[in-house]
Amino acid sequence: MPHAPRGPRVVAIIGPYGGGKSTLCDALVAAAGGPARRGAAPRGGMRIAACNYLDEAWSLLDCPGSVEAMHETSAALAVADIAVLVCDPDPARALTVAPFLHAIDQAGIPALLFVNRIDTFSGRVRDTMAALQALTARRLVLREVPIRDGEAITGYVDVISERAYRYRRGEASEQIAVPDSMEEREQEARAALVEALADFDDGLLEKLIEDIKPTKAEIFDRLHAEEAGGTISEILFGCAERDSGVRRLWKALRHDAPAPVVTAERHGIGQGGALVQVFRTLNAGHGGKLSWARIWRGPVKDGATLDGKRIGGMWRAGEGDLVKIAEAEAGDIVALGRLDGVQTGTVLGGSATALAAPHPPVFALAISTVDRRDDVRLSGALEKLLEEDAGLALHQDAELGETILAGQGEMHLKAAMDRLAAAFGVRLKAARPRTAYRETIRQPVQQAARLKRQTGGHGQFADVTLELAPRPRGAGFAFVDRIVGGTVPRLYIPSVGAAAEDAARKGAFGYQVVDIEVTLVDGGFHAVDSSDMAFRTATRMAMQEALPKAEPVLLEPVHAVTISVPNIYTPTAQRLVGGRRGQILGYGERPGWMGWDDVEALIPHAELHDFIAELRSQTMGLGVFRHRFDHLAEAPPKLVQEVLKAAG
Ligand SMILES: Nc1nc2c(ncn2[C@@H]2O[C@H](COP(=O)(O)OP(=O)(O)OP(=O)(O)O)[C@@H](O)[C@H]2O)c(=O)[nH]1
Ligand SMILES: [Mg+2]
């Protein structure tokens, strides 16, 4: 079938950690006549490769597979025309694909599933498909059936064209006659494919009922239409390392990847002037910044100004290094220079679908510079780092005086700190963030305090009697004035209230005192020596004496936590909650995720620091959680001991 010129197309290569995405990307580039870069794939961020296959331009976005870098996959899906989801053939590992199936479903992007490592597999591809199907609403269909020689898969029969091929290493597969033994299996797979299509097409369904065999062209067209709409994805298989199935994948991509203008339409982008979307940002240490963008509408020229931002240099991914270009067209993936203040996800020249928000951070560290002299450069360097990596978050904890860097996991933060050192020369040390404990009192007390100072001429005098009483949890601080007969002049009473509240910032354990009522019941004054200052001081004295006598209690913040796991791990998640002084509130289906549960629980903040590591280690790396402050609860005696000991 001849192809009309469609413009440069973009493939997001996504899938779980170590599945062979980079190997497949290299194999695709090599099959297109580019340089073979086997084994040299850098670990970490997204890699952008470009090549021409049969005179058409392609960009390949090779995404990292780590669960801690999921936001990079989302960014790639937001700008790609089609996704290739690289899966492991072992049905027992299908679950690891779940987050990626969810991501393509959310993005509504056409996708092909490439079952890689077929060389290591002796099971049935049908079973792999069934395991994957349980995780997505998208209908999965087998496009090929494997030809086996003993255990090894040596080729395939294409279910639509009904042609058979034998793999040849480093070359296109060779067409062979369909082996007799394969016919029945191939017919079965073809029938299953047609049945799946008939679910979306009444005409096809009628034919099926009347036992009329649809033509190849009909099947092709239906499949193409459903794939373009993201309702059906076909499953191909191969071995990226031995080049098997790679040209077959190219053929499917050529056929199925929509033209950039079609993808732009899917994102609601109509006609108009230049429009680009930044999906990846990289800062070189010496101020050079590259914003990788998809051009939704072109042409775009170097030096042009879009939404007030001037493009200072334009490059395309080349063989090895970047290639400087002066102009790019719609569909291209380019690196744009010097777009100061432009964040990852920014759309210049119009509007487009926003990048999916990353999962809220699940791991945090309190950071500080190793060398205090780096402090001045820290905030600028952090700003650049956050610009590059949407999965990071930064905040200043004024109360505890800590700078908190949060992200998607321990490895993610370690990589971020390494990058800060390597690219910006700022070395950091990190510690576990402190917990913002609070305290309250259990016992009402009455306390009088008198300030009387005679220093030379003008003295100081104030006398107060305060009553401290506990309030219900969450009620906060309250000040009550019960002065009768002017024993404390009106004028000074607000100062007593303010000083009492101020003194409550540091209680018997050294933390802020909450949920108390302070009542001014009595006092005394001196016509000359009393002052605002004097009443403040007397109030502070009374508070400091009263608080330790009022049976102080340490309160710890408890967070409402939603833990999301594949439902076979729901009991595991519940057990982990129990192990962290938590309380299960309930569980139910995770909205929008087939086969996943949300477990709702209350867990003390102090127990959440390394929770993600344990959760992942027990759930094939898949479990995640989100949390927010819920309430304060009395800390158990053992924790009180620890906190007091740590405070010295
Ligand atoms: N047996 C076999 N090994 C493969 C195949 N494809 C890739 N590998 C190997 O699997 C390992 C991981 O491959 P990568 O291509 O780096 O995997 P990846 O998906 O890019 O990994 P991340 O980017 O870290 O998520 C490498 O040692 C590859 O050589 C395959 O088809 N069969
Ligand atoms: Mg890789």
# chains A, B, ... in the order shown; residues from 1 in each chain; ligands from 1

call {"tool": "residues_near_ligand", "arguments": {"ligand": "ligand 1", "cutoff": "8 Å", "atoms": "only C-alpha atoms and all ligand atoms", "output": "PDB file with N, CA, C and O atoms, in the first residue's frame"}}
result
ATOM      1  N   ILE A  14       7.713   2.404  25.707  1.00  0.00           N
ATOM      2  CA  ILE A  14       7.490   2.412  27.152  1.00  0.00           C
ATOM      3  C   ILE A  14       7.379   0.976  27.671  1.00  0.00           C
ATOM      4  O   ILE A  14       7.236   0.035  26.890  1.00  0.00           O
ATOM      5  N   GLY A  15       7.405   0.829  28.970  1.00  0.00           N
ATOM      6  CA  GLY A  15       7.233  -0.491  29.567  1.00  0.00           C
ATOM      7  C   GLY A  15       8.081  -0.631  30.809  1.00  0.00           C
ATOM      8  O   GLY A  15       8.876   0.249  31.136  1.00  0.00           O
ATOM      9  N   PRO A  16       7.891  -1.755  31.526  1.00  0.00           N
ATOM     10  CA  PRO A  16       8.571  -1.903  32.804  1.00  0.00           C
ATOM     11  C   PRO A  16      10.092  -2.010  32.681  1.00  0.00           C
ATOM     12  O   PRO A  16      10.628  -2.303  31.626  1.00  0.00           O
ATOM     13  N   TYR A  17      10.707  -1.769  33.816  1.00  0.00           N
ATOM     14  CA  TYR A  17      12.153  -1.768  34.009  1.00  0.00           C
ATOM     15  C   TYR A  17      12.843  -2.986  33.381  1.00  0.00           C
ATOM     16  O   TYR A  17      12.441  -4.124  33.642  1.00  0.00           O
ATOM     17  N   GLY A  18      13.871  -2.718  32.587  1.00  0.00           N
ATOM     18  CA  GLY A  18      14.702  -3.802  32.058  1.00  0.00           C
ATOM     19  C   GLY A  18      14.019  -4.706  31.056  1.00  0.00           C
ATOM     20  O   GLY A  18      14.511  -5.803  30.765  1.00  0.00           O
ATOM     21  N   GLY A  19      12.902  -4.269  30.492  1.00  0.00           N
ATOM     22  CA  GLY A  19      12.162  -5.135  29.574  1.00  0.00           C
ATOM     23  C   GLY A  19      12.755  -5.223  28.180  1.00  0.00           C
ATOM     24  O   GLY A  19      12.354  -6.065  27.376  1.00  0.00           O
ATOM     25  N   GLY A  20      13.712  -4.331  27.885  1.00  0.00           N
ATOM     26  CA  GLY A  20      14.339  -4.357  26.560  1.00  0.00           C
ATOM     27  C   GLY A  20      13.941  -3.188  25.678  1.00  0.00           C
ATOM     28  O   GLY A  20      14.114  -3.231  24.457  1.00  0.00           O
ATOM     29  N   LYS A  21      13.458  -2.108  26.282  1.00  0.00           N
ATOM     30  CA  LYS A  21      13.040  -0.937  25.506  1.00  0.00           C
ATOM     31  C   LYS A  21      14.208  -0.317  24.745  1.00  0.00           C
ATOM     32  O   LYS A  21      14.106  -0.035  23.555  1.00  0.00           O
ATOM     33  N   SER A  22      15.323  -0.107  25.466  1.00  0.00           N
ATOM     34  CA  SER A  22      16.472   0.537  24.823  1.00  0.00           C
ATOM     35  C   SER A  22      17.053  -0.378  23.753  1.00  0.00           C
ATOM     36  O   SER A  22      17.469   0.089  22.687  1.00  0.00           O
ATOM     37  N   THR A  23      17.075  -1.677  24.028  1.00  0.00           N
ATOM     38  CA  THR A  23      17.574  -2.645  23.042  1.00  0.00           C
ATOM     39  C   THR A  23      16.690  -2.605  21.799  1.00  0.00           C
ATOM     40  O   THR A  23      17.188  -2.598  20.674  1.00  0.00           O
ATOM     41  N   LEU A  24      15.393  -2.539  22.014  1.00  0.00           N
ATOM     42  CA  LEU A  24      14.456  -2.486  20.884  1.00  0.00           C
ATOM     43  C   LEU A  24      14.624  -1.182  20.105  1.00  0.00           C
ATOM     44  O   LEU A  24      14.614  -1.174  18.864  1.00  0.00           O
ATOM     45  N   CYS A  25      14.799  -0.090  20.836  1.00  0.00           N
ATOM     46  CA  CYS A  25      14.988   1.209  20.197  1.00  0.00           C
ATOM     47  C   CYS A  25      16.229   1.175  19.303  1.00  0.00           C
ATOM     48  O   CYS A  25      16.188   1.587  18.139  1.00  0.00           O
ATOM     49  N   GLY A  39      23.839  -2.027  23.691  1.00  0.00           N
ATOM     50  CA  GLY A  39      24.425  -2.132  25.032  1.00  0.00           C
ATOM     51  C   GLY A  39      24.881  -0.808  25.628  1.00  0.00           C
ATOM     52  O   GLY A  39      25.274  -0.770  26.769  1.00  0.00           O
ATOM     53  N   ALA A  41      23.041   1.909  26.050  1.00  0.00           N
ATOM     54  CA  ALA A  41      21.922   2.761  26.462  1.00  0.00           C
ATOM     55  C   ALA A  41      22.180   3.325  27.853  1.00  0.00           C
ATOM     56  O   ALA A  41      22.459   2.585  28.783  1.00  0.00           O
ATOM     57  N   PRO A  42      22.114   4.657  27.995  1.00  0.00           N
ATOM     58  CA  PRO A  42      22.349   5.236  29.313  1.00  0.00           C
ATOM     59  C   PRO A  42      21.184   4.922  30.253  1.00  0.00           C
ATOM     60  O   PRO A  42      20.037   4.887  29.826  1.00  0.00           O
ATOM     61  N   ARG A  43      21.504   4.705  31.504  1.00  0.00           N
ATOM     62  CA  ARG A  43      20.460   4.497  32.512  1.00  0.00           C
ATOM     63  C   ARG A  43      19.903   5.854  32.902  1.00  0.00           C
ATOM     64  O   ARG A  43      20.613   6.835  32.858  1.00  0.00           O
ATOM     65  N   GLY A  44      18.687   5.889  33.271  1.00  0.00           N
ATOM     66  CA  GLY A  44      18.153   7.149  33.778  1.00  0.00           C
ATOM     67  C   GLY A  44      17.058   7.722  32.915  1.00  0.00           C
ATOM     68  O   GLY A  44      16.057   7.075  32.674  1.00  0.00           O
ATOM     69  N   ASP A  62      12.714   6.751  23.947  1.00  0.00           N
ATOM     70  CA  ASP A  62      13.022   5.553  24.728  1.00  0.00           C
ATOM     71  C   ASP A  62      12.909   5.923  26.208  1.00  0.00           C
ATOM     72  O   ASP A  62      13.773   6.607  26.751  1.00  0.00           O
ATOM     73  N   CYS A  63      11.826   5.491  26.834  1.00  0.00           N
ATOM     74  CA  CYS A  63      11.527   5.939  28.204  1.00  0.00           C
ATOM     75  C   CYS A  63      12.169   5.026  29.236  1.00  0.00           C
ATOM     76  O   CYS A  63      12.305   3.831  29.019  1.00  0.00           O
ATOM     77  N   PRO A  64      12.548   5.597  30.389  1.00  0.00           N
ATOM     78  CA  PRO A  64      13.030   4.750  31.481  1.00  0.00           C
ATOM     79  C   PRO A  64      11.865   3.933  32.047  1.00  0.00           C
ATOM     80  O   PRO A  64      10.732   4.399  32.046  1.00  0.00           O
ATOM     81  N   GLY A  65      12.166   2.722  32.518  1.00  0.00           N
ATOM     82  CA  GLY A  65      11.092   1.844  32.960  1.00  0.00           C
ATOM     83  C   GLY A  65      10.832   1.866  34.457  1.00  0.00           C
ATOM     84  O   GLY A  65       9.831   1.320  34.921  1.00  0.00           O
ATOM     85  N   SER A  66      11.720   2.494  35.208  1.00  0.00           N
ATOM     86  CA  SER A  66      11.576   2.485  36.661  1.00  0.00           C
ATOM     87  C   SER A  66      10.237   3.074  37.100  1.00  0.00           C
ATOM     88  O   SER A  66       9.765   4.063  36.524  1.00  0.00           O
ATOM     89  N   VAL A  86       6.503  -2.395  25.632  1.00  0.00           N
ATOM     90  CA  VAL A  86       7.362  -3.583  25.630  1.00  0.00           C
ATOM     91  C   VAL A  86       7.061  -4.414  26.878  1.00  0.00           C
ATOM     92  O   VAL A  86       7.208  -3.921  28.000  1.00  0.00           O
ATOM     93  N   ASN A 116       8.459  -8.906  24.221  1.00  0.00           N
ATOM     94  CA  ASN A 116       9.885  -9.084  23.933  1.00  0.00           C
ATOM     95  C   ASN A 116      10.421 -10.339  24.630  1.00  0.00           C
ATOM     96  O   ASN A 116       9.686 -11.006  25.357  1.00  0.00           O
ATOM     97  N   ARG A 117      11.684 -10.632  24.419  1.00  0.00           N
ATOM     98  CA  ARG A 117      12.349 -11.776  25.062  1.00  0.00           C
ATOM     99  C   ARG A 117      11.663 -13.086  24.737  1.00  0.00           C
ATOM    100  O   ARG A 117      11.597 -13.988  25.573  1.00  0.00           O
ATOM    101  N   ILE A 118      11.112 -13.159  23.537  1.00  0.00           N
ATOM    102  CA  ILE A 118      10.399 -14.359  23.163  1.00  0.00           C
ATOM    103  C   ILE A 118      11.360 -15.551  23.136  1.00  0.00           C
ATOM    104  O   ILE A 118      10.964 -16.700  23.252  1.00  0.00           O
ATOM    105  N   ASP A 119      12.675 -15.233  23.032  1.00  0.00           N
ATOM    106  CA  ASP A 119      13.707 -16.293  23.049  1.00  0.00           C
ATOM    107  C   ASP A 119      13.774 -17.009  24.392  1.00  0.00           C
ATOM    108  O   ASP A 119      14.281 -18.112  24.485  1.00  0.00           O
ATOM    109  N   THR A 120      13.261 -16.364  25.429  1.00  0.00           N
ATOM    110  CA  THR A 120      13.387 -16.972  26.760  1.00  0.00           C
ATOM    111  C   THR A 120      12.090 -17.670  27.172  1.00  0.00           C
ATOM    112  O   THR A 120      11.950 -18.117  28.306  1.00  0.00           O
ATOM    113  N   GLY A 238       8.627 -10.727  19.649  1.00  0.00           N
ATOM    114  CA  GLY A 238       9.940 -10.819  19.037  1.00  0.00           C
ATOM    115  C   GLY A 238      11.035 -10.856  20.073  1.00  0.00           C
ATOM    116  O   GLY A 238      10.783 -11.061  21.265  1.00  0.00           O
ATOM    117  N   CYS A 239      12.263 -10.662  19.583  1.00  0.00           N
ATOM    118  CA  CYS A 239      13.419 -10.674  20.460  1.00  0.00           C
ATOM    119  C   CYS A 239      14.293  -9.514  20.013  1.00  0.00           C
ATOM    120  O   CYS A 239      14.952  -9.586  18.975  1.00  0.00           O
ATOM    121  N   ALA A 240      14.233  -8.426  20.786  1.00  0.00           N
ATOM    122  CA  ALA A 240      14.946  -7.207  20.396  1.00  0.00           C
ATOM    123  C   ALA A 240      16.434  -7.486  20.264  1.00  0.00           C
ATOM    124  O   ALA A 240      17.103  -6.954  19.388  1.00  0.00           O
ATOM    125  N   GLU A 241      16.936  -8.348  21.128  1.00  0.00           N
ATOM    126  CA  GLU A 241      18.371  -8.573  21.156  1.00  0.00           C
ATOM    127  C   GLU A 241      18.861  -9.289  19.901  1.00  0.00           C
ATOM    128  O   GLU A 241      19.988  -9.081  19.479  1.00  0.00           O
ATOM    129  N   ARG A 242      18.006 -10.144  19.340  1.00  0.00           N
ATOM    130  CA  ARG A 242      18.424 -10.862  18.131  1.00  0.00           C
ATOM    131  C   ARG A 242      17.753 -10.293  16.897  1.00  0.00           C
ATOM    132  O   ARG A 242      17.750 -10.938  15.861  1.00  0.00           O
ATOM    133  N   ASP A 243      17.109  -9.131  17.049  1.00  0.00           N
ATOM    134  CA  ASP A 243      16.566  -8.480  15.880  1.00  0.00           C
ATOM    135  C   ASP A 243      15.312  -9.165  15.332  1.00  0.00           C
ATOM    136  O   ASP A 243      14.885  -8.867  14.229  1.00  0.00           O
TER     137      ASP A 243
END

call {"tool": "select_by_dssp", "arguments": {"residues": "segment 512-556 of chain A", "states": "helix (DSSP H, G or I)", "output": "list in words"}}
result
Asp532, Met533, Ala534, Phe535, Arg536, Thr537, Ala538, Thr539, Arg540, Met541, Ala542, Met543, Gln544, Glu545, Ala546, Leu547, Pro548 and Lys549 of chain A

call {"tool": "write_last_selection", "arguments": {"atoms": "all heavy atoms", "output": "CSV table (one decimal), in the first residue's frame"}}
result
chain,number,residue,atom,x,y,z
A,532,ASP,N,2.3,47.3,79.1
A,532,ASP,CA,2.1,46.2,78.2
A,532,ASP,C,3.2,45.1,78.4
A,532,ASP,O,2.9,43.9,78.5
A,532,ASP,CB,2.2,46.8,76.8
A,532,ASP,CG,1.1,46.3,75.9
A,532,ASP,OD1,0.0,46.2,76.4
A,532,ASP,OD2,1.5,45.9,74.8
A,533,MET,N,4.4,45.6,78.3
A,533,MET,CA,5.6,44.7,78.4
A,533,MET,C,5.5,43.9,79.7
A,533,MET,O,5.7,42.7,79.7
A,533,MET,CB,6.9,45.5,78.5
A,533,MET,CG,7.5,45.7,77.1
A,533,MET,SD,7.8,44.1,76.3
A,533,MET,CE,9.3,43.6,77.2
A,534,ALA,N,5.2,44.5,80.8
A,534,ALA,CA,5.1,43.9,82.1
A,534,ALA,C,4.1,42.8,82.1
A,534,ALA,O,4.4,41.7,82.6
A,534,ALA,CB,4.9,44.9,83.2
A,535,PHE,N,2.9,43.0,81.6
A,535,PHE,CA,1.9,42.0,81.6
A,535,PHE,C,2.3,40.8,80.6
A,535,PHE,O,2.0,39.7,80.9
A,535,PHE,CB,0.5,42.6,81.2
A,535,PHE,CG,-0.2,43.1,82.4
A,535,PHE,CD1,-0.2,44.5,82.7
A,535,PHE,CD2,-0.9,42.2,83.2
A,535,PHE,CE1,-0.8,44.9,83.8
A,535,PHE,CE2,-1.5,42.7,84.4
A,535,PHE,CZ,-1.5,44.0,84.7
A,536,ARG,N,2.9,41.2,79.6
A,536,ARG,CA,3.4,40.1,78.7
A,536,ARG,C,4.4,39.2,79.4
A,536,ARG,O,4.3,37.9,79.4
A,536,ARG,CB,4.1,40.6,77.5
A,536,ARG,CG,3.2,41.1,76.4
A,536,ARG,CD,4.0,41.7,75.3
A,536,ARG,NE,3.2,42.5,74.4
A,536,ARG,CZ,2.6,42.0,73.3
A,536,ARG,NH1,2.7,40.7,73.0
A,536,ARG,NH2,1.8,42.7,72.6
A,537,THR,N,5.3,39.8,80.1
A,537,THR,CA,6.3,39.0,80.8
A,537,THR,C,5.7,38.1,81.9
A,537,THR,O,6.0,37.0,82.0
A,537,THR,CB,7.4,39.9,81.4
A,537,THR,OG1,7.9,40.8,80.4
A,537,THR,CG2,8.6,39.2,82.0
A,538,ALA,N,4.8,38.7,82.7
A,538,ALA,CA,4.1,38.0,83.8
A,538,ALA,C,3.3,36.8,83.2
A,538,ALA,O,3.3,35.7,83.7
A,538,ALA,CB,3.2,38.9,84.5
A,539,THR,N,2.7,37.0,82.1
A,539,THR,CA,1.9,36.0,81.4
A,539,THR,C,2.8,34.8,81.0
A,539,THR,O,2.5,33.6,81.2
A,539,THR,CB,1.2,36.5,80.2
A,539,THR,OG1,0.3,37.6,80.6
A,539,THR,CG2,0.3,35.4,79.5
A,540,ARG,N,4.0,35.2,80.4
A,540,ARG,CA,4.9,34.1,79.9
A,540,ARG,C,5.4,33.3,81.1
A,540,ARG,O,5.5,32.1,81.1
A,540,ARG,CB,6.1,34.8,79.2
A,540,ARG,CG,6.7,33.9,78.2
A,540,ARG,CD,7.8,34.6,77.3
A,540,ARG,NE,7.3,35.8,76.8
A,540,ARG,CZ,7.9,37.0,77.1
A,540,ARG,NH1,9.0,37.0,77.8
A,540,ARG,NH2,7.5,38.1,76.6
A,541,MET,N,5.7,34.0,82.2
A,541,MET,CA,6.2,33.3,83.5
A,541,MET,C,5.1,32.3,83.9
A,541,MET,O,5.4,31.2,84.3
A,541,MET,CB,6.5,34.3,84.6
A,541,MET,CG,7.7,35.1,84.3
A,541,MET,SD,7.8,36.7,85.3
A,541,MET,CE,7.5,36.1,86.9
A,542,ALA,N,3.8,32.8,84.0
A,542,ALA,CA,2.8,31.9,84.4
A,542,ALA,C,2.6,30.7,83.5
A,542,ALA,O,2.5,29.6,84.0
A,542,ALA,CB,1.4,32.7,84.5
A,543,MET,N,2.7,30.9,82.2
A,543,MET,CA,2.5,29.8,81.3
A,543,MET,C,3.6,28.8,81.4
A,543,MET,O,3.4,27.6,81.5
A,543,MET,CB,2.5,30.3,79.8
A,543,MET,CG,1.3,31.1,79.4
A,543,MET,SD,-0.2,30.1,79.3
A,543,MET,CE,0.2,29.1,77.8
A,544,GLN,N,4.9,29.3,81.6
A,544,GLN,CA,6.0,28.4,81.7
A,544,GLN,C,6.0,27.5,82.9
A,544,GLN,O,6.4,26.4,82.9
A,544,GLN,CB,7.3,29.2,81.6
A,544,GLN,CG,7.8,29.3,80.1
A,544,GLN,CD,8.8,30.5,80.0
A,544,GLN,OE1,9.3,31.0,80.9
A,544,GLN,NE2,9.1,30.8,78.7
A,545,GLU,N,5.4,28.1,83.9
A,545,GLU,CA,5.3,27.3,85.2
A,545,GLU,C,4.1,26.3,85.1
A,545,GLU,O,4.2,25.2,85.6
A,545,GLU,CB,5.1,28.2,86.4
A,545,GLU,CG,6.4,28.5,87.1
A,545,GLU,CD,6.2,29.3,88.3
A,545,GLU,OE1,5.8,28.7,89.3
A,545,GLU,OE2,6.5,30.5,88.3
A,546,ALA,N,3.0,26.8,84.5
A,546,ALA,CA,1.8,26.0,84.5
A,546,ALA,C,1.9,24.7,83.6
A,546,ALA,O,1.4,23.7,83.9
A,546,ALA,CB,0.6,26.9,84.0
A,547,LEU,N,2.5,24.9,82.4
A,547,LEU,CA,2.4,23.8,81.4
A,547,LEU,C,3.0,22.5,81.9
A,547,LEU,O,2.3,21.4,81.7
A,547,LEU,CB,3.1,24.3,80.1
A,547,LEU,CG,2.3,25.2,79.2
A,547,LEU,CD1,3.1,25.8,78.1
A,547,LEU,CD2,1.0,24.6,78.7
A,548,PRO,N,4.1,22.5,82.5
A,548,PRO,CA,4.6,21.2,83.0
A,548,PRO,C,3.8,20.5,84.1
A,548,PRO,O,3.8,19.3,84.3
A,548,PRO,CB,6.0,21.5,83.6
A,548,PRO,CG,6.4,22.8,83.0
A,548,PRO,CD,5.1,23.5,82.8
A,549,LYS,N,3.0,21.3,84.8
A,549,LYS,CA,2.2,20.8,85.9
A,549,LYS,C,0.9,20.3,85.4
A,549,LYS,O,0.1,19.7,86.1
A,549,LYS,CB,1.8,22.0,86.9
A,549,LYS,CG,3.0,22.5,87.6
A,549,LYS,CD,2.5,23.6,88.6
A,549,LYS,CE,3.6,24.5,89.1
A,549,LYS,NZ,3.0,25.7,89.7

call {"tool": "select_by_dssp", "arguments": {"residues": "segment 69-207 of chain A", "states": "strand (DSSP E or B)", "output": "PyMOL selection string"}}
result
chain A and resi 82-87+111-115+139-142+144-149+152-158+164-168+171-176

call {"tool": "write_last_selection", "arguments": {"atoms": "C-alpha atoms", "output": "mmCIF file, in the first residue's frame"}}
result
data_model
loop_
_atom_site.group_PDB
_atom_site.id
_atom_site.type_symbol
_atom_site.label_atom_id
_atom_site.label_comp_id
_atom_site.auth_asym_id
_atom_site.auth_seq_id
_atom_site.Cartn_x
_atom_site.Cartn_y
_atom_site.Cartn_z
ATOM 1 C CA ILE A 82 1.757 5.938 18.968
ATOM 2 C CA ALA A 83 3.161 3.918 21.870
ATOM 3 C CA VAL A 84 5.034 0.638 21.776
ATOM 4 C CA LEU A 85 4.544 -1.083 25.105
ATOM 5 C CA VAL A 86 7.362 -3.583 25.630
ATOM 6 C CA CYS A 87 6.178 -6.503 27.791
ATOM 7 C CA ALA A 111 -0.567 1.526 21.065
ATOM 8 C CA LEU A 112 1.069 -1.704 19.982
ATOM 9 C CA LEU A 113 2.154 -4.276 22.528
ATOM 10 C CA PHE A 114 5.514 -5.837 21.781
ATOM 11 C CA VAL A 115 6.081 -9.017 23.767
ATOM 12 C CA ARG A 139 -9.244 -4.973 23.687
ATOM 13 C CA LEU A 140 -6.036 -6.929 23.014
ATOM 14 C CA VAL A 141 -5.710 -9.092 19.912
ATOM 15 C CA LEU A 142 -2.959 -11.421 18.776
ATOM 16 C CA GLU A 144 0.786 -13.199 15.057
ATOM 17 C CA VAL A 145 0.967 -16.824 16.076
ATOM 18 C CA PRO A 146 4.398 -18.236 16.846
ATOM 19 C CA ILE A 147 6.064 -20.953 14.782
ATOM 20 C CA ARG A 148 8.065 -23.214 17.032
ATOM 21 C CA ASP A 149 10.948 -25.537 16.549
ATOM 22 C CA ALA A 152 12.272 -22.100 20.448
ATOM 23 C CA ILE A 153 10.116 -19.666 18.517
ATOM 24 C CA THR A 154 11.634 -19.419 15.048
ATOM 25 C CA GLY A 155 9.063 -17.322 13.247
ATOM 26 C CA TYR A 156 5.422 -16.389 13.036
ATOM 27 C CA VAL A 157 2.299 -16.493 10.944
ATOM 28 C CA ASP A 158 0.614 -13.126 10.372
ATOM 29 C CA ALA A 164 4.403 -17.187 7.443
ATOM 30 C CA TYR A 165 7.909 -15.850 8.160
ATOM 31 C CA ARG A 166 11.091 -17.276 9.571
ATOM 32 C CA TYR A 167 13.374 -15.007 11.661
ATOM 33 C CA ARG A 168 16.871 -14.313 10.349
ATOM 34 C CA GLU A 171 18.031 -9.305 8.430
ATOM 35 C CA ALA A 172 14.430 -9.120 7.357
ATOM 36 C CA SER A 173 12.544 -12.344 8.043
ATOM 37 C CA GLU A 174 12.159 -14.766 5.187
ATOM 38 C CA GLN A 175 8.718 -15.684 3.930
ATOM 39 C CA ILE A 176 7.972 -19.395 4.083
#

call {"tool": "atom_distance", "arguments": {"atom1": "atom CA of Leu290 of chain A", "atom2": "atom CA of Trp58 of chain A"}}
result
20.2 Å

call {"tool": "closest_residue", "arguments": {"among": "A:Asp597, A:Val553, A:Ala80, A:Leu405", "to": "Gln574 of chain A", "atoms": "only C-alpha atoms"}}
result
A:Asp597

call {"tool": "residues_around", "arguments": {"residues": "Ile325 of chain A", "least_positions_apart": "6", "cutoff": "7 Å", "atoms": "only C-alpha atoms", "output": "list in words"}}
result
Met314, Trp315 and Arg316 of chain A

call {"tool": "closest_residue", "arguments": {"among": "A:Asp26, A:Glu319, A:Asp371, A:Glu206", "to": "ligand 2", "atoms": "only C-alpha atoms and all ligand atoms"}}
result
A:Asp26

call {"tool": "atom_distance", "arguments": {"atom1": "atom CA of Met129 of chain A", "atom2": "atom CA of Arg169 of chain A"}}
result
25.6 Å

call {"tool": "closest_residue", "arguments": {"among": "A:Asn567, A:Glu234, A:Ile219, A:Ala78", "to": "Phe279 of chain A", "atoms": "only C-alpha atoms"}}
result
A:Ala78

call {"tool": "closest_atom_pairs", "arguments": {"of": "segment 326-365 of chain A", "to": "segment 375-398 of chain A", "cutoff": "12 Å", "atoms": "only C-alpha atoms", "output": "JSON lines"}}
result
{"residue": "A:Leu339", "atom": "CA", "partner": "A:Glu387", "partner_atom": "CA", "distance": 11.6}
{"residue": "A:Asp340", "atom": "CA", "partner": "A:Lys384", "partner_atom": "CA", "distance": 10.3}
{"residue": "A:Gly341", "atom": "CA", "partner": "A:Glu387", "partner_atom": "CA", "distance": 8.7}
{"residue": "A:Val342", "atom": "CA", "partner": "A:Glu387", "partner_atom": "CA", "distance": 8.2}
{"residue": "A:Gln343", "atom": "CA", "partner": "A:Glu387", "partner_atom": "CA", "distance": 5.6}
{"residue": "A:Thr344", "atom": "CA", "partner": "A:Glu387", "partner_atom": "CA", "distance": 6.4}
{"residue": "A:Gly345", "atom": "CA", "partner": "A:Ala390", "partner_atom": "CA", "distance": 9.1}
{"residue": "A:Thr346", "atom": "CA", "partner": "A:Glu387", "partner_atom": "CA", "distance": 10.8}
{"residue": "A:Leu355", "atom": "CA", "partner": "A:Ala390", "partner_atom": "CA", "distance": 10.0}
{"residue": "A:Ala356", "atom": "CA", "partner": "A:Ala390", "partner_atom": "CA", "distance": 10.1}
{"residue": "A:Ala357", "atom": "CA", "partner": "A:Ala390", "partner_atom": "CA", "distance": 8.2}
{"residue": "A:Pro358", "atom": "CA", "partner": "A:Gly391", "partner_atom": "CA", "distance": 5.7}
{"residue": "A:His359", "atom": "CA", "partner": "A:Gly391", "partner_atom": "CA", "distance": 7.2}
{"residue": "A:Pro360", "atom": "CA", "partner": "A:Gly391", "partner_atom": "CA", "distance": 7.6}
{"residue": "A:Pro361", "atom": "CA", "partner": "A:Leu392", "partner_atom": "CA", "distance": 7.0}
{"residue": "A:Val362", "atom": "CA", "partner": "A:Gly391", "partner_atom": "CA", "distance": 10.1}
{"residue": "A:Phe363", "atom": "CA", "partner": "A:Leu392", "partner_atom": "CA", "distance": 9.9}
{"residue": "A:Ala364", "atom": "CA", "partner": "A:Ala393", "partner_atom": "CA", "distance": 9.0}
{"residue": "A:Leu365", "atom": "CA", "partner": "A:Leu394", "partner_atom": "CA", "distance": 9.9}
